[in-house]
Every structure is written in structure tokens, then in C-alpha cells.
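Asker: Got a structure for you, questions after.
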Amino acid sequence: MLSRKGIIPEEYVLTRLAEDVPDHARYRARERRARFVGKNGACNVAHKNIREQGRFLQDVFTTLVDLKWPHTLLIFTMSFLCSWLLFGMVWWLIAFAHGDLDHSTRLQRDPAEGAAGSAAAFVPCVTSIHSFTSAFLFSIEVQVTIGFGGRMVTEECPAAILVLIVQNIVGLVINAIMLGCIFMKTSQAHRRAETLIFSKHAVIALREGRLCFMLRVGDLRKSMIISATIRMQVVKKTASLEGEVVPLNQIDIQMENPVGGNSIFLVSPLIIYHVIDKNSPLYDISPMNLHHHEDLEIIVILEGVVETTGITTQARTSYLADEILWGQRFVPIVAEEDGRYSVDYSKFGNTVKVPTPSCTARQLEEDKSIMDTMPLSPKGTIRKRSVKLKPKFTISEEPS
């Protein structure tokens, strides 16, 4: 793993790279609520008892792209081998029907010569085909347009010319489908999402006198994500007034960011936050609810267009209740150094404790006196660039 080599810090996780979990943590994770979306963005949903399997064959190209690499390469190889063998058999049958494989018919009398009886050379449909092996080699030469020059189609058999045209068209179709499939698999949008990162933990703390749910998102590449948008959903089990149980009820909640709205300018890591108000599903969440038995999962989805390829990409992650830290906030990681801004990714997921009331947002809104008892936290200091001035002249003592 990259984190073991020191390339990727442990404080944050890649959206597509599953984090290393020790054995004792794995056993604890079994007691947790099952995730709907994993930390690496994979959806934890198993599709069973699908009766209409033929629907996948109606969209063959997408099915090939969705297959795993070993299966795709196997189909890629077998499609060419089967077509070569099929047309090799056709060429062998044409040569057999015309008598190209019979050595006794290589020389025959030309009827136009009459009594002269001069020997006329036998003209085969395809030259230099003596067995199925040579017919198979000719099939490969036709489809991949190698053309070594030893075998060629003559004008003796119109059927051979027709088969030549059909094989060329079939070969072009196979090349277009398989090469397009390989290209789409190598340039899939989720590959770009490997370098879109989210903080390992989310935090809840005060911001402008209100409780806010906050997380940090960043991009490791210099090429930007254009029109990047971010949205968040809360997934939890709910029941309606009529008694209907919805096991995975998805509730959209409004995310806010420093530039307003859902669009973000992801040139540097940003802290995205959600104000917990009366319209928020987190309105009645307190520190006592942030444990692994709580039925709560917050899904974060980042979408945008890759600047270099123009392909839309999506990165996802989720936070369970015990992955939300109460009363903490993220430390600053952007500083100005030597006339440019520098980002320290080693502190990407670092948090610091801040004074935060241990009550729900509802209680905080109903009882304003709670804020009067809260000590003010020190404001973050801005790291300024230090400039060393070199002296223009020196003063030295004259020798006596």
C-alpha cells in the first residue's frame, strides 16, 4: 500500500483506495452498522435473484466495459482466434471445392487448344493453399492486413472475392468494438477519482455561533476538476406514519462551502460544512449518539468534469456515527511561502479540540444561555512569510 511506503499520509484516505485496517479493528467493524457506501467509494449492495439476465446482453459494449480485466482480455483474444479459425475453415472449403488441394488437377488440358494439347497451368482460387494450416495463415493475413505476398486471391472464384470482402468487414467491426472497449476501460472516470481525497473523519463544532458538520476535501493533481459540485445525504432506517419501514431512506441535506452554493473551486483543499438547523436531519444529534451502534451514515458525493479529458468523474465516501468527532475542527494546512501558497498534506486530516457545547442543535437554539457559558476559543494565527534582509555594507574596525 502507498501509505506503508510513506507516499500517502495516514490522516486521509483515497476515494478508491481501501485503507489498511488491522485485524483487531476488523473484528470490531463487524459489530458496526453495515455501510451503504464504503470509505473507498464502493457501494455495499449485492444484487440477487435477477431473472432477466438477457438485458445485459442487449447492451454488449457496456457489459464488456464493466467486466473485470481478465475476462475482457479473454474475450478480446477469443474473438480474434474464433474469427480467424472460422474464416480459415471457409477458405479451406473453397480451396477443397475448387480442387486446389488435389495435386492431380494442378495440370489440365485447355479445351480451346484442341488437338494441340498444350498443357495449361491450373489457376487456384487462392494461391499457395495446400492444407488447413495454410488456409488459417491466409485468414490471419487477410484480417490483420499483413500480406506477406505468398498467398493471394485470384479472379478464378467470385465466391472467394465475396468471402474476402466479408472477412475484412467482420475484422473491422471486431477491431472497433474491442479496441473501443479497451480504451474505455483504461480511461474510466473513476480512475481520476483516485486522487480526490476526503478526510478520514468528519467533525462537529461551532462556527459563527452555530453547530456545523464539517469535512475536508482535496485534489492531489494539478489538473483541476471543472464545475465541481458536492452534495451530501443521510442514510438511515425510518418508518412512516402508516407503518412502512424504509431500510435505506436517503435524505438530502444542504452543504455549504466558502464560495457559496454547491459548486466549489477545488484548487486547494476546502472545508465543506453543513449548518445544523431545524431543517437538518442532524438537528437532534448529540455526542451521546456518536457511537458505532447508532443507525446513521452520511454519504458525501463529489462530481465534476476532468479538465484534461472532459470526462465526468464522481468520488464518494461515507461517515458512520463513530467516525464523526464532536468538538473538534481541522487545523490549517495552507500557508504562504516565497510568494506562493503551499499545502501541507501531512496535516490533511489533523484536528484540534475546541470548546463545543455537549448538546443537540435543538437545545442550543432553544436555550441561548448555553453559549454564554462557553469559553471563547483562540483564533487561528496566520503564518506570515519571514523575510531576511541582507546588509548592504559592513562595518569593520580599522587596525591600530
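Note on naming: chains are A, B, ... as they come in the C-alpha cells, residues start from 1 per chain, ligands start from 1 in the order shown.
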Per DSSP on the backbone, what are the alpha helix (DSSP H) residues of region 210-398 of chain A, as a list in words?
Answerer: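 Written out, the alpha helix (DSSP H) residues of region 210-398 of chain A are Ala361, Arg362, Gln363, Leu364, Glu365, Glu366, Ser369, Ile370, Met371 and Asp372 of chain A.
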Asker: Export C-alpha atoms of the chosen residues as a CSV table (one decimal), in the first residue's frame?
Answerer:
chain,number,residue,atom,x,y,z
A,361,ALA,CA,-28.6,21.8,17.9
A,362,ARG,CA,-32.2,21.9,19.0
A,363,GLN,CA,-31.3,22.5,22.7
A,364,LEU,CA,-28.7,25.1,21.6
A,365,GLU,CA,-31.3,27.0,19.7
A,366,GLU,CA,-33.9,26.9,22.4
A,369,SER,CA,-27.8,30.9,27.6
A,370,ILE,CA,-25.6,27.8,26.8
A,371,MET,CA,-23.4,30.0,24.6
A,372,ASP,CA,-22.8,32.4,27.5
Asker: Show which residues sit within 9 Å of region 204-218 of chain A, as a PyMOL selection string. Count only C-alpha atoms, and ignore same-chain residues fewer than 5 positions away.
Answerer: chain A and resi 195-199+266-277+282+324-330+348-349+354-357+360-361+364-365+371
Asker: Where in region 160-310 of chain A does DSSP assign strand (DSSP E), given as a PyMOL selection string?
Answerer: chain A and resi 196-199+202-207+210-219+225-239+245-253+263-264+270-275+297-306
Asker: Grab the residues selected above and save them as an mmCIF file, in the first residue's frame with C-alpha atoms.
Answerer:
data_model
loop_
_atom_site.group_PDB
_atom_site.id
_atom_site.type_symbol
_atom_site.label_atom_id
_atom_site.label_comp_id
_atom_site.auth_asym_id
_atom_site.auth_seq_id
_atom_site.Cartn_x
_atom_site.Cartn_y
_atom_site.Cartn_z
ATOM 1 C CA LEU A 196 -9.722 13.124 -4.977
ATOM 2 C CA ILE A 197 -9.407 12.750 -1.228
ATOM 3 C CA PHE A 198 -11.665 13.170 1.782
ATOM 4 C CA SER A 199 -10.710 13.473 5.429
ATOM 5 C CA ALA A 202 -15.768 14.409 9.958
ATOM 6 C CA VAL A 203 -16.159 16.882 12.819
ATOM 7 C CA ILE A 204 -18.950 18.807 14.518
ATOM 8 C CA ALA A 205 -18.069 22.115 16.115
ATOM 9 C CA LEU A 206 -19.235 25.692 16.439
ATOM 10 C CA ARG A 207 -18.864 28.064 13.517
ATOM 11 C CA ARG A 210 -23.962 27.518 15.189
ATOM 12 C CA LEU A 211 -23.199 23.812 15.263
ATOM 13 C CA CYS A 212 -21.812 22.672 11.908
ATOM 14 C CA PHE A 213 -20.950 19.332 10.390
ATOM 15 C CA MET A 214 -17.586 19.719 8.619
ATOM 16 C CA LEU A 215 -15.296 17.642 6.435
ATOM 17 C CA ARG A 216 -12.254 18.370 4.296
ATOM 18 C CA VAL A 217 -11.900 17.555 0.597
ATOM 19 C CA GLY A 218 -8.894 17.989 -1.677
ATOM 20 C CA ASP A 219 -7.374 17.131 -5.037
ATOM 21 C CA ILE A 225 -11.871 19.374 -11.748
ATOM 22 C CA ILE A 226 -14.113 21.767 -13.681
ATOM 23 C CA SER A 227 -17.631 22.577 -12.411
ATOM 24 C CA ALA A 228 -17.054 20.543 -9.278
ATOM 25 C CA THR A 229 -20.163 20.110 -7.152
ATOM 26 C CA ILE A 230 -20.591 18.403 -3.815
ATOM 27 C CA ARG A 231 -23.693 17.070 -2.143
ATOM 28 C CA MET A 232 -24.463 15.073 0.949
ATOM 29 C CA GLN A 233 -27.102 12.584 2.013
ATOM 30 C CA VAL A 234 -28.053 10.982 5.294
ATOM 31 C CA VAL A 235 -28.948 7.303 5.044
ATOM 32 C CA LYS A 236 -30.861 5.812 7.941
ATOM 33 C CA LYS A 237 -33.708 3.451 8.692
ATOM 34 C CA THR A 238 -37.045 5.232 9.028
ATOM 35 C CA ALA A 239 -40.702 4.315 9.430
ATOM 36 C CA VAL A 245 -40.333 0.636 7.115
ATOM 37 C CA VAL A 246 -37.773 2.167 4.748
ATOM 38 C CA PRO A 247 -34.436 0.445 5.478
ATOM 39 C CA LEU A 248 -32.335 2.894 3.449
ATOM 40 C CA ASN A 249 -34.054 6.252 3.473
ATOM 41 C CA GLN A 250 -31.906 8.828 1.651
ATOM 42 C CA ILE A 251 -32.326 12.392 2.882
ATOM 43 C CA ASP A 252 -30.605 15.251 1.063
ATOM 44 C CA ILE A 253 -29.075 17.929 3.256
ATOM 45 C CA SER A 263 -20.114 24.486 -6.718
ATOM 46 C CA ILE A 264 -16.552 24.537 -5.423
ATOM 47 C CA LEU A 270 -11.518 23.064 1.254
ATOM 48 C CA ILE A 271 -13.530 22.570 4.425
ATOM 49 C CA ILE A 272 -17.113 21.867 3.402
ATOM 50 C CA TYR A 273 -19.655 22.348 6.152
ATOM 51 C CA HIS A 274 -23.342 21.903 6.811
ATOM 52 C CA VAL A 275 -25.169 24.141 9.276
ATOM 53 C CA GLU A 297 -24.494 7.157 7.805
ATOM 54 C CA ILE A 298 -23.600 10.353 5.984
ATOM 55 C CA ILE A 299 -22.668 9.971 2.298
ATOM 56 C CA VAL A 300 -20.637 12.651 0.519
ATOM 57 C CA ILE A 301 -20.590 12.761 -3.299
ATOM 58 C CA LEU A 302 -18.191 14.925 -5.313
ATOM 59 C CA GLU A 303 -18.806 15.304 -9.061
ATOM 60 C CA GLY A 304 -17.011 17.251 -11.752
ATOM 61 C CA VAL A 305 -15.508 17.250 -15.225
ATOM 62 C CA VAL A 306 -11.858 16.271 -15.705
#
